[in-house]
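Student: Coordinates in data_25.cif, mmCIF, C-alpha atoms, are listed below.
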data_data
#
loop_
_atom_site.label_atom_id
_atom_site.label_comp_id
_atom_site.auth_asym_id
_atom_site.auth_seq_id
_atom_site.Cartn_x
_atom_site.Cartn_y
_atom_site.Cartn_z
CA MET A 295 103.55 96.10 132.16
CA SER A 296 101.60 99.39 132.06
CA LEU A 297 103.06 102.16 129.96
CA SER A 298 102.08 104.62 132.67
CA GLY A 299 105.03 103.41 134.70
CA VAL A 300 107.56 103.61 131.87
CA ASP A 301 109.68 106.61 130.95
CA LEU A 302 109.61 106.45 127.17
CA ASN A 303 112.62 108.79 127.03
CA LEU A 304 114.65 105.81 128.21
CA LEU A 305 114.15 104.28 124.76
CA LEU A 306 116.70 106.72 123.35
CA ALA A 307 119.20 105.84 126.05
CA LEU A 308 118.56 102.15 125.50
CA ASP A 309 119.08 102.53 121.76
CA ALA A 310 122.39 104.32 122.33
CA LEU A 311 123.57 101.64 124.76
CA LEU A 312 122.57 98.79 122.46
CA THR A 313 124.27 100.46 119.52
CA GLU A 314 127.51 101.55 121.16
CA ARG A 315 127.77 98.69 123.68
CA ASN A 316 129.66 101.10 125.88
CA VAL A 317 128.40 103.58 128.49
CA THR A 318 130.93 106.30 127.64
CA ARG A 319 130.30 106.20 123.89
CA ALA A 320 126.53 106.01 124.45
CA ALA A 321 126.76 109.15 126.61
CA GLU A 322 128.73 110.94 123.88
CA ARG A 323 126.17 109.83 121.29
CA MET A 324 123.39 111.47 123.30
CA SER A 325 125.46 114.46 124.47
CA LEU A 326 125.02 113.39 128.09
CA GLY A 327 127.44 113.07 130.97
CA GLN A 328 128.66 109.58 131.77
CA SER A 329 126.99 109.67 135.19
CA ALA A 330 123.62 110.47 133.59
CA MET A 331 124.00 107.56 131.15
CA SER A 332 125.04 105.23 133.97
CA ALA A 333 121.90 106.27 135.86
CA ALA A 334 119.78 105.57 132.77
CA LEU A 335 121.37 102.13 132.45
CA ALA A 336 120.60 101.40 136.10
CA ARG A 337 116.94 102.35 135.56
CA LEU A 338 116.75 100.22 132.44
CA ARG A 339 118.24 97.25 134.25
CA LYS A 340 115.66 97.60 137.00
CA GLN A 341 112.81 98.12 134.51
CA LEU A 342 113.74 95.11 132.37
CA GLY A 343 115.12 92.85 135.08
CA ASP A 344 118.28 92.20 133.08
CA PRO A 345 121.87 93.57 133.19
CA LEU A 346 121.76 94.35 129.43
CA LEU A 347 125.52 95.07 129.25
CA VAL A 348 128.00 92.63 130.78
CA ARG A 349 131.69 93.44 131.10
CA GLU A 350 134.14 91.05 129.43
CA GLY A 351 137.69 92.20 130.07
CA ARG A 352 137.94 95.75 128.75
CA THR A 353 134.80 95.55 126.63
CA TYR A 354 131.09 94.90 127.11
CA ARG A 355 128.82 92.39 125.47
CA LEU A 356 125.05 92.47 125.15
CA THR A 357 123.03 89.92 127.05
CA THR A 358 120.67 87.65 125.14
CA LEU A 359 117.74 89.89 126.04
CA ALA A 360 119.62 93.01 124.96
CA GLU A 361 120.46 91.44 121.59
CA SER A 362 116.79 90.64 121.07
CA LEU A 363 115.86 94.27 121.77
CA VAL A 364 118.10 95.94 119.20
CA GLU A 365 115.67 95.97 116.27
CA PRO A 366 112.44 96.38 118.29
CA VAL A 367 113.87 99.45 120.03
CA ARG A 368 114.87 101.04 116.74
CA GLU A 369 111.45 100.28 115.27
CA ALA A 370 109.77 101.80 118.33
CA ILE A 371 111.79 105.01 118.02
CA ALA A 372 111.05 105.24 114.30
CA ALA A 373 107.34 104.74 115.01
CA ALA A 374 107.40 107.45 117.68
CA ASP A 375 109.10 109.82 115.25
CA GLN A 376 106.40 109.17 112.67
CA VAL A 377 103.47 109.42 115.09
CA LEU A 378 104.65 112.45 117.02
CA GLY A 379 106.23 114.27 114.13
CA VAL A 380 109.41 114.86 116.07
CA ARG A 381 111.53 115.25 112.96
CA ARG A 382 112.16 118.89 112.22
CA PRO A 383 113.91 120.65 109.34
CA PHE A 384 117.70 120.61 109.53
CA ASP A 385 119.61 123.86 109.09
CA PRO A 386 123.32 123.11 108.64
CA ARG A 387 124.22 126.74 109.25
CA THR A 388 122.99 126.66 112.85
CA ASP A 389 122.13 123.09 113.90
CA GLU A 390 124.53 120.66 115.52
CA ARG A 391 124.86 117.04 114.50
CA ALA A 392 127.50 114.32 114.69
CA PHE A 393 127.81 111.72 111.92
CA SER A 394 130.02 108.66 111.60
CA VAL A 395 131.02 107.50 108.12
CA ILE A 396 132.77 104.24 107.28
CA ALA A 397 135.15 104.81 104.38
CA SER A 398 138.47 103.67 102.98
CA ASP A 399 141.61 105.78 103.15
CA TYR A 400 141.23 106.41 99.41
CA VAL A 401 137.66 107.76 99.73
CA THR A 402 138.70 109.82 102.75
CA LEU A 403 141.46 111.49 100.76
CA VAL A 404 139.70 112.17 97.46
CA LEU A 405 136.14 112.83 98.68
CA LEU A 406 135.82 113.41 102.42
CA ARG A 407 138.86 115.63 102.95
CA PRO A 408 137.60 118.40 100.62
CA LEU A 409 134.09 117.96 102.01
CA LEU A 410 135.28 118.44 105.58
CA ALA A 411 137.10 121.59 104.56
CA ALA A 412 133.92 122.97 102.98
CA LEU A 413 131.70 122.00 105.93
CA ALA A 414 133.96 123.82 108.38
CA VAL A 415 132.56 127.00 106.81
CA GLU A 416 129.11 125.89 105.66
CA ALA A 417 128.07 123.80 108.68
CA PRO A 418 130.20 124.66 111.73
CA GLY A 419 128.02 122.59 114.04
CA VAL A 420 128.35 119.38 112.01
CA ARG A 421 131.00 116.85 113.03
CA ILE A 422 131.95 113.88 110.86
CA SER A 423 133.96 110.98 112.26
CA VAL A 424 135.56 108.74 109.64
CA MET A 425 135.81 105.07 110.57
CA ALA A 426 138.04 102.49 108.88
CA THR A 427 136.26 99.87 106.79
CA GLY A 428 137.38 96.66 108.52
CA GLY A 429 135.75 93.27 108.17
CA ASP A 430 132.51 94.06 110.03
CA PHE A 431 131.50 97.16 108.07
CA ASP A 432 128.05 95.83 107.16
CA ASP A 433 127.24 94.84 110.74
CA ARG A 434 128.32 98.23 112.07
CA LEU A 435 126.10 99.99 109.56
CA ARG A 436 123.08 97.76 110.15
CA ARG A 437 123.24 98.03 113.94
CA GLY A 438 123.63 101.81 113.85
CA SER A 439 127.25 102.23 114.90
CA ALA A 440 127.72 104.21 111.68
CA ASP A 441 125.42 106.55 109.79
CA LEU A 442 126.82 105.96 106.32
CA LEU A 443 129.12 103.59 104.49
CA ILE A 444 130.99 104.43 101.30
CA TYR A 445 132.06 101.24 99.57
CA PRO A 446 132.85 99.80 96.11
CA VAL A 447 129.78 98.50 94.28
CA ASP A 448 131.68 95.42 93.08
CA LEU A 449 132.19 94.28 96.67
CA ALA A 450 128.79 95.22 98.06
CA GLU A 451 127.10 91.81 98.19
CA PRO A 452 126.85 91.94 102.04
CA LEU A 453 124.92 95.21 101.66
CA SER A 454 122.06 93.81 99.58
CA GLY A 455 118.72 95.32 100.47
CA LEU A 456 120.15 98.59 101.80
CA PRO A 457 119.42 101.93 100.12
CA ARG A 458 122.34 103.28 98.11
CA THR A 459 123.42 106.08 95.80
CA VAL A 460 126.39 105.85 93.43
CA LEU A 461 128.81 108.71 94.11
CA PHE A 462 131.61 108.49 91.55
CA SER A 463 133.78 106.15 89.50
CA ASP A 464 137.52 106.01 88.99
CA GLU A 465 139.87 104.30 86.54
CA PHE A 466 142.78 102.13 87.63
CA VAL A 467 146.16 103.08 86.18
CA LEU A 468 149.43 101.16 86.28
CA VAL A 469 152.26 103.09 87.93
CA ALA A 470 156.01 102.69 88.30
CA ASP A 471 158.82 104.77 89.73
CA ARG A 472 159.85 107.52 87.32
CA ASP A 473 163.38 106.11 87.06
CA ASN A 474 162.53 102.40 87.10
CA PRO A 475 164.90 100.94 84.48
CA ASP A 476 162.80 97.79 84.03
CA VAL A 477 159.66 99.60 82.87
CA ALA A 478 159.13 101.29 79.51
CA ASP A 479 156.21 103.56 78.64
CA GLU A 480 154.12 100.46 77.90
CA LEU A 481 154.05 96.94 79.38
CA ASP A 482 152.62 93.79 77.86
CA VAL A 483 151.10 91.14 80.11
CA ASP A 484 154.16 88.87 80.12
CA ALA A 485 156.49 91.70 81.12
CA PHE A 486 154.05 92.81 83.81
CA THR A 487 153.91 89.36 85.43
CA ARG A 488 157.72 89.27 85.68
CA LEU A 489 157.92 92.55 87.61
CA PRO A 490 157.61 92.84 91.40
CA TYR A 491 154.08 93.94 92.23
CA ALA A 492 152.54 95.82 95.17
CA GLY A 493 148.91 94.96 95.89
CA ILE A 494 146.08 95.05 98.36
CA GLY A 495 145.64 92.22 100.85
CA GLY A 496 144.56 91.33 104.36
CA ALA A 497 141.06 92.27 105.53
CA VAL A 498 140.59 94.70 102.63
CA PRO A 499 139.15 93.06 99.49
CA ALA A 500 141.52 93.20 96.52
CA VAL A 501 139.51 94.83 93.74
CA VAL A 502 142.30 94.86 91.15
CA GLU A 503 143.84 91.52 92.02
CA SER A 504 140.49 89.72 91.75
CA GLN A 505 140.01 91.17 88.25
CA LEU A 506 143.51 90.15 87.16
CA GLU A 507 142.97 86.65 88.52
CA ALA A 508 139.71 86.32 86.58
CA LEU A 509 141.63 87.26 83.42
CA GLY A 510 144.33 84.69 84.14
CA VAL A 511 146.95 87.33 84.93
CA VAL A 512 148.97 86.47 88.04
CA PRO A 513 151.20 89.33 89.26
CA ARG A 514 154.46 88.63 91.08
CA LEU A 515 153.27 89.86 94.45
CA GLU A 516 156.14 91.17 96.55
CA ALA A 517 154.53 93.85 98.73
CA VAL A 518 151.08 93.90 100.33
CA THR A 519 149.21 96.67 102.11
CA GLN A 520 145.64 97.19 103.31
CA ASN A 521 145.65 100.86 102.25
CA HIS A 522 145.28 102.14 98.70
CA VAL A 523 146.81 105.49 99.58
CA ILE A 524 150.15 103.94 100.50
CA LEU A 525 150.57 102.14 97.15
CA PRO A 526 152.12 105.06 95.19
CA PHE A 527 154.55 105.64 98.06
CA LEU A 528 155.55 101.97 98.02
CA VAL A 529 156.23 102.19 94.29
CA ALA A 530 158.26 105.42 94.43
CA GLY A 531 161.98 104.73 94.70
CA THR A 532 161.59 100.98 94.12
CA ARG A 533 161.24 98.57 91.21
CA LEU A 534 157.67 97.73 92.21
CA VAL A 535 154.67 98.39 89.97
CA SER A 536 151.06 98.67 91.06
CA PHE A 537 147.56 99.66 89.98
CA VAL A 538 146.12 102.71 91.74
CA PRO A 539 142.93 104.76 91.22
CA GLU A 540 143.60 107.73 88.95
CA ARG A 541 141.96 110.27 91.29
CA LEU A 542 144.20 109.06 94.08
CA LEU A 543 147.27 109.44 91.89
CA ARG A 544 146.29 113.03 91.07
CA SER A 545 145.89 113.78 94.78
CA VAL A 546 149.39 112.57 95.68
CA SER A 547 151.29 113.31 92.46
CA ALA A 548 153.08 116.30 93.97
CA HIS A 549 154.50 114.10 96.71
CA VAL A 550 155.59 110.92 94.88
CA GLN A 551 157.92 110.46 91.91
CA VAL A 552 155.89 107.92 89.90
CA ARG A 553 154.63 107.72 86.33
CA THR A 554 151.79 105.95 84.58
CA VAL A 555 152.45 103.01 82.27
CA ARG A 556 150.22 101.89 79.40
CA PHE A 557 148.79 98.39 79.83
CA PRO A 558 146.85 96.35 77.22
CA ILE A 559 144.11 95.22 79.62
CA ALA A 560 141.46 97.72 80.70
CA LEU A 561 140.23 96.96 84.19
CA ARG A 562 136.70 97.68 85.29
CA PRO A 563 136.46 101.10 86.93
CA LEU A 564 136.17 101.46 90.67
CA VAL A 565 132.61 102.57 91.45
CA GLU A 566 132.01 103.99 94.93
CA ALA A 567 128.50 104.23 96.39
CA MET A 568 127.13 105.33 99.74
CA TYR A 569 124.88 102.99 101.73
CA TRP A 570 122.60 103.62 104.69
CA THR A 571 119.72 101.95 106.51
CA THR A 572 116.04 102.61 105.93
CA ARG A 573 115.63 104.02 109.44
CA SER A 574 117.82 106.97 108.36
CA SER A 575 116.18 107.58 105.00
CA ASP A 576 113.74 110.26 106.17
CA ASP A 577 115.97 111.92 108.76
CA PRO A 578 116.34 115.55 107.51
CA ALA A 579 119.95 115.84 108.69
CA HIS A 580 120.84 112.51 107.12
CA ARG A 581 119.17 113.53 103.85
CA TRP A 582 121.16 116.76 103.89
CA LEU A 583 124.47 114.92 104.36
CA ARG A 584 123.66 112.46 101.55
CA ALA A 585 122.81 115.31 99.20
CA ARG A 586 125.99 117.13 100.18
CA LEU A 587 128.08 114.02 99.47
CA VAL A 588 126.49 113.68 96.02
CA GLU A 589 127.25 117.32 95.32
CA GLN A 590 130.83 116.94 96.49
CA ALA A 591 131.34 113.78 94.42
CA GLN A 592 130.21 115.60 91.29
CA GLY A 593 132.97 118.14 91.78
CA ILE A 594 135.98 115.88 92.33
#
Here is the file; what I need is its structure written in the form of structure tokens.
Tutor:
Amino acid sequence: MSLSGVDLNLLLALDALLTERNVTRAAERMSLGQSAMSAALARLRKQLGDPLLVREGRTYRLTTLAESLVEPVREAIAAADQVLGVRRPFDPRTDERAFSVIASDYVTLVLLRPLLAALAVEAPGVRISVMATGGDFDDRLRRGSADLLIYPVDLAEPLSGLPRTVLFSDEFVLVADRDNPDVADELDVDAFTRLPYAGIGGAVPAVVESQLEALGVVPRLEAVTQNHVILPFLVAGTRLVSFVPERLLRSVSAHVQVRTVRFPIALRPLVEAMYWTTRSSDDPAHRWLRARLVEQAQGI
């Protein structure tokens, strides 16, 4: 096929369609109308002789050809950027950009919430969408559905090979309701294992519980949630105990009647890092956001 008959601008539309796997979201990603993106998809289908996106119920799936094009298309766009010098400096005061960040509820509360408040003044044209972690976080990052992932270093084996920067660490503290009659100011291991415990479960990896298990400490699990932020609220007003990150506890202390309890075992701190893909490393806007996250993390 001769390149003279190909509209290379369609590469950007194709990349958006392969990433989002949805015409509407691809149009939003490129700031286009849905009709314009549908027209681009029709041209791509004709050019490649393949439907590319096939409807399955309410969703779309990529055809075999489309799946095989995901990485080559991204590499082609990156090469064009490098050859043509299309990257330009990013000015957060005037430029517009939309980012998607995968992060836990805990990270959203202690790090992203104050950042969003600051960016509303500093960078009015920048929009950040926060996406829940879920079980496919690494796939979403690698295929470009998200720009950044903030995730615990201890659980980051699926992210091997990706660039990363450590943002901050946090200590786990044991908490109980302020009026819990079963809990003194300090608990030994035996007393702890007899108390009802609230922990993390489901699709979210259990950072604390895995450490306790490795130490031979088996809590009496009576309540399970997938969200760290809800743990202090589960403990308040009940006889439950739980481990929560200290920064989280400070953020919600005005709203929950809980207290910290001394415990003889020191758990490894929770270390949060941000991860991205190499194709974003030299993007000026992406570099700016990473630097801004580092700066914000230093101040929490």
Student: So the first atom is CA of Leu306 in chain A and the second is CA of Leu413 in chain A; what is the distance between them in Å, to one decimal place?
Tutor: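 CA of Leu413 in chain A lies 27.6 Å from CA of Leu306 in chain A.
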Student: What would the list of residues within 12 Å of (131.2, 93.6, 100.0) (file frame) look like as an NGL selection string, if all atoms listed in the file are what count?
Tutor: :A and (427-433 or 443-454 or 497-501 or 566-567 or 569)
Student: So that I can see what lies close to Val552 in chain A, please list as a PyMOL selection string the residues with an atom at most 6 Å from it, counting only C-alpha atoms and leaving out residues fewer than 2 positions away in the same chain.
Tutor: chain A and resi 470-472+530+550
Student: Quick one: distance from CA of Pro418 in chain A to CA of Glu589 in chain A in Å, one decimal?
Tutor: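 One can read the CA of Pro418 in chain A to CA of Glu589 in chain A distance as 18.2 Å.
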Student: Care to translate the PyMOL selection byres ((chain A and resi 421) around 8) into actual residues of this file, as JSON, numbers by chain?
Tutor: {"A": [390, 391, 392, 393, 418, 419, 420, 422, 423]}
Student: Excluding Arg434 in chain A and residues on its chain fewer than 4 positions from it, collect all residues at most 9 Å away from it, counting only C-alpha atoms, and give them as a PDB file with C-alpha atoms, keeping the file's coordinate frame.
Tutor:
ATOM      1  CA  THR A 313     124.270 100.460 119.520  1.00  0.00           C
ATOM      2  CA  ILE A 396     132.770 104.240 107.280  1.00  0.00           C
ATOM      3  CA  ASP A 430     132.510  94.060 110.030  1.00  0.00           C
ATOM      4  CA  GLY A 438     123.630 101.810 113.850  1.00  0.00           C
ATOM      5  CA  SER A 439     127.250 102.230 114.900  1.00  0.00           C
ATOM      6  CA  ALA A 440     127.720 104.210 111.680  1.00  0.00           C
TER       7      ALA A 440
END
Student: Give me the result of the PyMOL selection byres ((chain A and resi 328-331) around 10) on this file, residue by residue, as a list in words.
Tutor: Leu304, Ala307, Leu308, Ala310, Leu311, Val317, Thr318, Arg319, Ala320, Ala321, Glu322, Met324, Ser325, Leu326, Gly327, Ser332, Ala333, Ala334, Leu335, Ala336 and Arg337 of chain A
Student: Could you spell out the hits of the PyMOL selection byres ((chain A and resi 536-545) around 7) on the shown file, as a list in words?
Tutor: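 This file gives the following for the PyMOL selection byres ((chain A and resi 536-545) around 7): Tyr400, Val404, Asp464, Glu465, Phe466, Val467, Leu468, Val469, Ala470, Tyr491, Ala492, Gly493, Leu534, Val535, Val546 and Ser547 of chain A.
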Student: Around range 322-340 of chain A, with edges along x, y and z and 5 Å added on all six sides, what centre and edge lengths do you get, in Å to one decimal, as JSON?
Tutor:
{"center_x": 122.2, "center_y": 105.9, "center_z": 129.1, "size_x": 23.1, "size_y": 27.2, "size_z": 25.7}
Student: From the list A:Ser398, A:Leu528, A:Asn303, A:Phe486, which residue is nearest Arg556 in chain A when using only C-alpha atoms?
Tutor: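 With only C-alpha atoms as the atom set, the closest residue is A:Phe486.
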Student: Given the choices A:Leu406, A:Ala412, A:Leu456, A:Leu312, which gets closest to Glu365 in chain A if the distance is worked out from all atoms listed in the file?
Tutor: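 Using all atoms listed in the file, Glu365 in chain A sits closest to A:Leu312.
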